[in-house]
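Containing compact mmCIF, C-alpha atoms: my_file11.txt.
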# COMPACT_ATOMS: atom_id res chain seq x y z
CA MET Q 421 6.11 6.65 -17.70
CA SER Q 422 8.94 7.69 -15.44
CA GLN Q 423 11.98 5.45 -15.10
CA GLU Q 424 12.56 6.61 -11.54
CA ILE Q 425 11.65 4.47 -8.57
CA VAL Q 426 8.48 5.82 -6.97
CA THR Q 427 7.69 4.62 -3.45
CA ALA Q 428 4.66 4.67 -1.19
CA ALA Q 429 3.36 3.81 2.24
CA ILE Q 430 -0.15 3.20 3.52
CA LEU Q 431 -1.29 4.40 6.94
CA ALA Q 432 -4.58 2.82 7.99
CA ILE Q 433 -6.20 4.55 10.95
CA GLY Q 434 -8.77 3.20 13.36
CA ASP Q 435 -9.27 1.38 16.64
CA GLU Q 436 -11.72 -0.94 14.87
CA LEU Q 437 -8.95 -2.28 12.65
CA LEU Q 438 -6.69 -3.09 15.58
CA SER Q 439 -9.48 -4.77 17.53
CA GLY Q 440 -10.42 -6.94 14.57
CA ARG Q 441 -13.98 -5.60 14.56
CA THR Q 442 -13.44 -4.26 11.04
CA LYS Q 443 -11.51 -6.25 8.45
CA ASP Q 444 -9.44 -3.93 6.28
CA LYS Q 445 -10.20 -4.03 2.56
CA ASN Q 446 -8.38 -0.89 1.50
CA ILE Q 447 -4.76 -1.98 1.84
CA GLY Q 448 -5.04 -4.85 -0.61
CA HIS Q 449 -7.00 -2.76 -3.11
CA LEU Q 450 -4.49 0.08 -3.08
CA ALA Q 451 -1.55 -2.33 -3.20
CA ASP Q 452 -2.94 -3.79 -6.44
CA ILE Q 453 -3.42 -0.32 -7.95
CA LEU Q 454 0.08 0.82 -7.00
CA LEU Q 455 1.67 -2.31 -8.45
CA LEU Q 456 0.03 -1.68 -11.81
CA ALA Q 457 1.20 1.95 -11.68
CA GLY Q 458 4.81 0.98 -11.04
CA ILE Q 459 4.74 2.50 -7.55
CA ASP Q 460 6.60 0.42 -4.96
CA LEU Q 461 4.58 -0.06 -1.78
CA LYS Q 462 7.28 -0.22 0.87
CA GLU Q 463 5.45 -0.05 4.16
CA VAL Q 464 2.01 -0.45 5.72
CA ARG Q 465 1.11 0.71 9.22
CA ILE Q 466 -2.09 0.50 11.22
CA VAL Q 467 -2.49 2.93 14.11
CA ALA Q 468 -5.19 3.68 16.66
CA ASP Q 469 -7.40 6.75 16.77
CA GLU Q 470 -4.78 8.58 18.82
CA GLU Q 471 -3.46 11.91 17.63
CA GLU Q 472 0.15 11.44 18.71
CA ALA Q 473 0.33 7.97 17.14
CA ILE Q 474 -1.00 9.31 13.84
CA VAL Q 475 1.33 12.32 13.86
CA GLU Q 476 4.38 10.22 14.66
CA ALA Q 477 3.63 7.64 11.98
CA LEU Q 478 2.74 10.23 9.36
CA ASN Q 479 5.86 12.34 9.88
CA GLY Q 480 8.08 9.28 9.68
CA LEU Q 481 6.45 7.94 6.52
CA ARG Q 482 6.10 11.17 4.56
CA ALA Q 483 9.81 11.91 4.96
CA ARG Q 484 10.77 8.47 3.70
CA TYR Q 485 8.51 7.79 0.72
CA THR Q 486 7.29 9.55 -2.41
CA TYR Q 487 3.65 9.19 -1.37
CA VAL Q 488 1.73 8.39 1.80
CA PHE Q 489 -1.89 7.27 1.55
CA THR Q 490 -4.11 7.22 4.61
CA SER Q 491 -7.52 5.67 5.15
CA GLY Q 492 -10.02 6.23 7.91
CA GLY Q 493 -10.80 8.83 10.52
CA ILE Q 494 -12.35 11.66 8.45
CA GLY Q 495 -16.00 11.05 9.37
CA PRO Q 496 -18.43 12.99 11.60
CA THR Q 497 -17.84 11.37 15.00
CA HIS Q 498 -15.67 12.43 17.93
CA ASP Q 499 -13.05 9.74 17.25
CA ASP Q 500 -12.54 10.86 13.64
CA ILE Q 501 -9.38 12.84 14.34
CA THR Q 502 -7.31 12.29 11.21
CA ALA Q 503 -7.80 15.85 9.94
CA ASP Q 504 -6.59 17.25 13.26
CA ALA Q 505 -3.59 14.91 13.34
CA VAL Q 506 -2.55 15.69 9.76
CA SER Q 507 -2.84 19.41 10.50
CA LYS Q 508 -0.63 18.98 13.55
CA ALA Q 509 1.92 16.96 11.56
CA PHE Q 510 2.25 19.80 9.04
CA GLY Q 511 2.00 22.58 11.61
CA VAL Q 512 -1.06 24.26 10.09
CA PRO Q 513 -4.54 25.02 11.45
CA CYS Q 514 -7.38 22.55 10.97
CA GLU Q 515 -10.40 24.47 9.75
CA HIS Q 516 -13.75 24.14 8.03
CA ASP Q 517 -12.91 24.35 4.34
CA ALA Q 518 -15.29 26.77 2.58
CA GLU Q 519 -15.72 24.69 -0.57
CA ALA Q 520 -16.24 21.50 1.41
CA MET Q 521 -18.85 23.28 3.53
CA ARG Q 522 -20.64 24.38 0.36
CA LEU Q 523 -20.59 20.91 -1.20
CA LEU Q 524 -21.86 19.23 1.95
CA GLY Q 525 -24.41 21.94 2.69
CA GLU Q 526 -25.93 21.62 -0.78
CA MET Q 527 -25.95 17.83 -0.57
CA TYR Q 528 -27.79 17.78 2.75
CA ALA Q 529 -30.21 20.44 1.51
CA ARG Q 530 -31.08 18.28 -1.50
CA ARG Q 531 -31.72 15.37 0.85
CA GLU Q 532 -33.75 17.62 3.16
CA MET Q 533 -31.50 16.75 6.07
CA GLU Q 534 -30.07 19.08 8.70
CA PHE Q 535 -26.43 20.05 8.19
CA THR Q 536 -25.53 19.41 11.81
CA GLU Q 537 -22.35 20.29 13.65
CA ALA Q 538 -21.32 16.63 13.50
CA ARG Q 539 -21.79 16.55 9.72
CA GLN Q 540 -19.86 19.80 9.37
CA ARG Q 541 -16.86 18.00 10.89
CA MET Q 542 -16.46 16.22 7.54
CA ALA Q 543 -15.56 19.60 5.99
CA ARG Q 544 -12.59 20.10 8.32
CA MET Q 545 -9.11 19.78 6.84
CA PRO Q 546 -5.66 21.36 7.11
CA LYS Q 547 -5.53 24.94 5.88
CA GLY Q 548 -4.44 25.03 2.24
CA ALA Q 549 -5.22 21.36 1.54
CA ARG Q 550 -6.42 20.30 -1.90
CA HIS Q 551 -9.58 18.25 -2.27
CA ILE Q 552 -9.94 14.63 -3.30
CA ALA Q 553 -13.37 14.37 -4.91
CA ASN Q 554 -15.85 11.96 -3.37
CA PRO Q 555 -18.51 10.95 -5.91
CA VAL Q 556 -20.10 8.49 -3.49
CA SER Q 557 -20.97 10.53 -0.41
CA THR Q 558 -19.68 14.05 -1.26
CA ALA Q 559 -17.43 14.63 1.79
CA PRO Q 560 -14.00 15.18 0.22
CA GLY Q 561 -10.68 13.70 1.15
CA PHE Q 562 -7.68 15.99 0.96
CA ILE Q 563 -4.05 16.29 -0.09
CA VAL Q 564 -1.23 18.03 1.76
CA GLU Q 565 2.12 17.86 -0.04
CA ASN Q 566 2.77 14.14 -0.58
CA VAL Q 567 0.06 12.90 1.81
CA TYR Q 568 -3.29 11.72 0.44
CA VAL Q 569 -5.99 11.44 3.10
CA MET Q 570 -8.99 9.28 2.23
CA ALA Q 571 -12.05 7.75 3.82
CA GLY Q 572 -12.07 4.33 5.46
CA VAL Q 573 -15.34 3.10 3.91
CA PRO Q 574 -14.11 0.83 1.09
CA GLN Q 575 -16.54 2.07 -1.58
CA VAL Q 576 -15.60 5.69 -0.88
CA PHE Q 577 -11.89 4.89 -0.55
CA GLN Q 578 -11.84 3.16 -3.93
CA ALA Q 579 -13.62 6.05 -5.61
CA MET Q 580 -11.11 8.49 -4.14
CA VAL Q 581 -8.19 6.33 -5.31
CA ASN Q 582 -9.60 6.42 -8.84
CA ASN Q 583 -9.67 10.21 -8.67
CA ILE Q 584 -6.08 10.67 -7.49
CA LEU Q 585 -4.48 8.03 -9.71
CA PRO Q 586 -4.09 10.24 -12.82
CA GLU Q 587 -1.97 12.79 -10.94
CA LEU Q 588 0.47 10.32 -9.40
CA THR Q 589 3.95 9.94 -10.88
CA LYS Q 590 4.14 6.45 -12.36
CA GLY Q 591 7.33 4.45 -11.91
CA SER Q 592 8.85 1.75 -14.06
CA VAL Q 593 6.81 -1.42 -13.65
CA MET Q 594 8.41 -4.30 -11.79
CA LEU Q 595 8.62 -7.44 -13.93
CA SER Q 596 8.42 -10.84 -12.28
CA ARG Q 597 8.95 -14.52 -13.02
CA ALA Q 598 7.69 -17.38 -10.81
CA LEU Q 599 9.79 -20.55 -10.74
CA PRO Q 600 8.81 -23.83 -9.06
CA CYS Q 601 11.53 -25.39 -6.94
CA PRO Q 602 11.18 -28.97 -5.60
CA TYR Q 603 13.33 -28.25 -2.53
CA GLY Q 604 12.51 -26.62 0.79
CA GLU Q 605 13.92 -23.31 1.96
CA GLY Q 606 16.36 -25.05 4.28
CA ASP Q 607 17.95 -26.77 1.29
CA ILE Q 608 18.25 -23.71 -0.94
CA GLY Q 609 18.73 -20.83 1.53
CA THR Q 610 22.50 -20.46 1.24
CA LEU Q 611 22.61 -21.04 -2.51
CA LEU Q 612 19.75 -18.62 -3.13
CA GLY Q 613 21.52 -15.98 -1.06
CA GLU Q 614 24.55 -16.31 -3.32
CA VAL Q 615 22.38 -15.85 -6.41
CA GLN Q 616 20.82 -12.74 -4.87
CA LYS Q 617 24.25 -11.25 -4.11
CA ALA Q 618 25.34 -11.87 -7.68
CA HIS Q 619 22.23 -10.09 -9.04
CA PRO Q 620 21.78 -7.05 -6.79
CA GLN Q 621 19.41 -5.27 -9.21
CA THR Q 622 16.81 -7.97 -8.62
CA SER Q 623 14.62 -9.05 -5.74
CA ILE Q 624 14.31 -12.80 -5.25
CA GLY Q 625 11.59 -14.04 -2.94
CA SER Q 626 10.99 -17.56 -1.67
CA TYR Q 627 7.56 -18.83 -0.67
CA PRO Q 628 7.46 -22.24 1.05
CA LYS Q 629 4.80 -24.82 0.28
CA TYR Q 630 3.83 -28.11 1.88
CA ASP Q 631 1.54 -30.62 0.21
CA GLY Q 632 1.19 -32.88 3.21
CA GLN Q 633 4.15 -35.06 2.25
CA ARG Q 634 7.03 -32.86 1.23
CA PHE Q 635 8.22 -29.28 1.25
CA SER Q 636 8.84 -27.27 -1.89
CA THR Q 637 9.32 -23.60 -2.69
CA GLU Q 638 8.04 -21.12 -5.22
CA LEU Q 639 10.77 -18.67 -6.17
CA VAL Q 640 9.79 -15.29 -7.57
CA VAL Q 641 12.38 -13.16 -9.36
CA ARG Q 642 11.61 -9.45 -9.78
CA ALA Q 643 13.46 -6.81 -11.80
CA ARG Q 644 12.72 -3.62 -13.69
CA ASP Q 645 14.06 -4.69 -17.09
CA GLU Q 646 13.81 -7.90 -19.07
CA GLN Q 647 17.55 -8.48 -19.46
CA THR Q 648 18.20 -8.27 -15.74
CA LEU Q 649 15.21 -10.48 -15.04
CA GLU Q 650 16.36 -13.13 -17.51
CA ALA Q 651 19.91 -13.21 -16.14
CA ALA Q 652 18.72 -13.76 -12.59
CA THR Q 653 16.12 -16.29 -13.71
CA ASP Q 654 18.79 -18.29 -15.52
CA ALA Q 655 20.95 -18.22 -12.39
CA VAL Q 656 18.10 -19.52 -10.23
CA LEU Q 657 17.33 -22.30 -12.70
CA ALA Q 658 21.01 -23.23 -12.78
CA MET Q 659 21.03 -23.34 -8.98
CA ILE Q 660 18.06 -25.73 -8.96
CA ALA Q 661 19.67 -27.92 -11.63
CA SER Q 662 22.96 -27.98 -9.72
CA LEU Q 663 21.21 -29.04 -6.53
CA ALA Q 664 19.30 -31.75 -8.39
CA LYS Q 665 22.56 -33.06 -9.87
CA ALA Q 666 24.24 -33.10 -6.44
CA ARG Q 667 21.28 -34.96 -4.97
CA ALA Q 668 21.42 -37.52 -7.79
CA GLU Q 669 25.16 -38.11 -7.25
CA ASP Q 670 24.61 -38.57 -3.52
CA HIS Q 671 21.73 -40.99 -4.04
CA PRO Q 672 22.25 -42.74 -7.38
CA GLY Q 673 19.42 -44.91 -8.65
CA PRO Q 674 19.75 -48.59 -9.54
CA GLU Q 675 21.99 -49.38 -12.49
CA ALA Q 676 20.24 -50.11 -15.77
Show how you would write the structure in this file as structure tokens.
Amino acid sequence: MSQEIVTAAILAIGDELLSGRTKDKNIGHLADILLLAGIDLKEVRIVADEEEAIVEALNGLRARYTYVFTSGGIGPTHDDITADAVSKAFGVPCEHDAEAMRLLGEMYARREMEFTEARQRMARMPKGARHIANPVSTAPGFIVENVYVMAGVPQVFQAMVNNILPELTKGSVMLSRALPCPYGEGDIGTLLGEVQKAHPQTSIGSYPKYDGQRFSTELVVRARDEQTLEAATDAVLAMIASLAKARAEDHPGPEA
């Protein structure tokens, strides 16, 4: 496993996602997979089926992160334009890939179905792209440099993710520790910021909770090695204890 920091972004493509007609299931699945692989998911974008929007997003993301994973827009219909947009982003022709045409042609022949022009669209990809195997419905995804283009159908997307995972560079896994804090974010914000500044190699997140009567916070400390994690965890626990002590001094209980 590499000790370098490996980063990623997800670009989900489709008008149906933005309209709410389709509820995305791919982002959460891939996020879980990347976390286990030690790959830091840094950004997620959802864009419409518009070529310029896809090109702009893709060029920005692929220059910034180790990997970009896309989902959606590689089907047989007129609005499936991801292959065209990726080709434009890389400045190469979008063409019917010979091997993809063979795979799809044989599949439709076995099913005794016509290999129509619309179905042939699923064999189009940027010139020189590598395939991502599709064991579910045959039509391959494809890879261009650090961009992995996959289907939007969750079952197919997940199968494609399984096929690309072995070739991805794995990063050092992020360790984490969750700590309950009985105070709300407004009480701990300044103090927690000081702890974060003192432990810059960590990431400390705060997640507010409300039980109907009082606010509290779950604090999550993340780091890439145990020693760093423990040092920051100790500092957070000391912060909570210090705040509890100050509260007790301000509001002492009845004398024994």
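Comparing Q:Ile552, Q:Met545, Q:Leu611, Q:Ala658 by their smallest distance to Leu599 of chain Q, the closest is Q:Ala658 (using only C-alpha atoms).
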Within 6 Å of Gly458 of chain Q, counting only C-alpha atoms, which residues show up once you throw out same-chain ones fewer than 6 positions away? Write them as a compact mmCIF listing (two decimals) with C-alpha atoms, keeping the file's coordinate frame, please.
# COMPACT_ATOMS: atom_id res chain seq x y z
CA LYS Q 590 4.14 6.45 -12.36
CA GLY Q 591 7.33 4.45 -11.91
CA SER Q 592 8.85 1.75 -14.06
CA VAL Q 593 6.81 -1.42 -13.65
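With only C-alpha atoms as the atoms that count, the residue of Q:Leu455, Q:His619, Q:Phe577, Q:Asp469 with the shortest distance to Ala651 of chain Q is Q:His619.
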Here atom CA of Ala598 of chain Q and atom CA of Ala429 of chain Q stand apart by 25.3 Å
List as a PyMOL selection string: which residues have an atom within 10 Å of (-19.6, 13.3, 5.0), counting only C-alpha atoms?
chain Q and resi 494-496+520+523-524+527-528+538-543+554+556-561+571
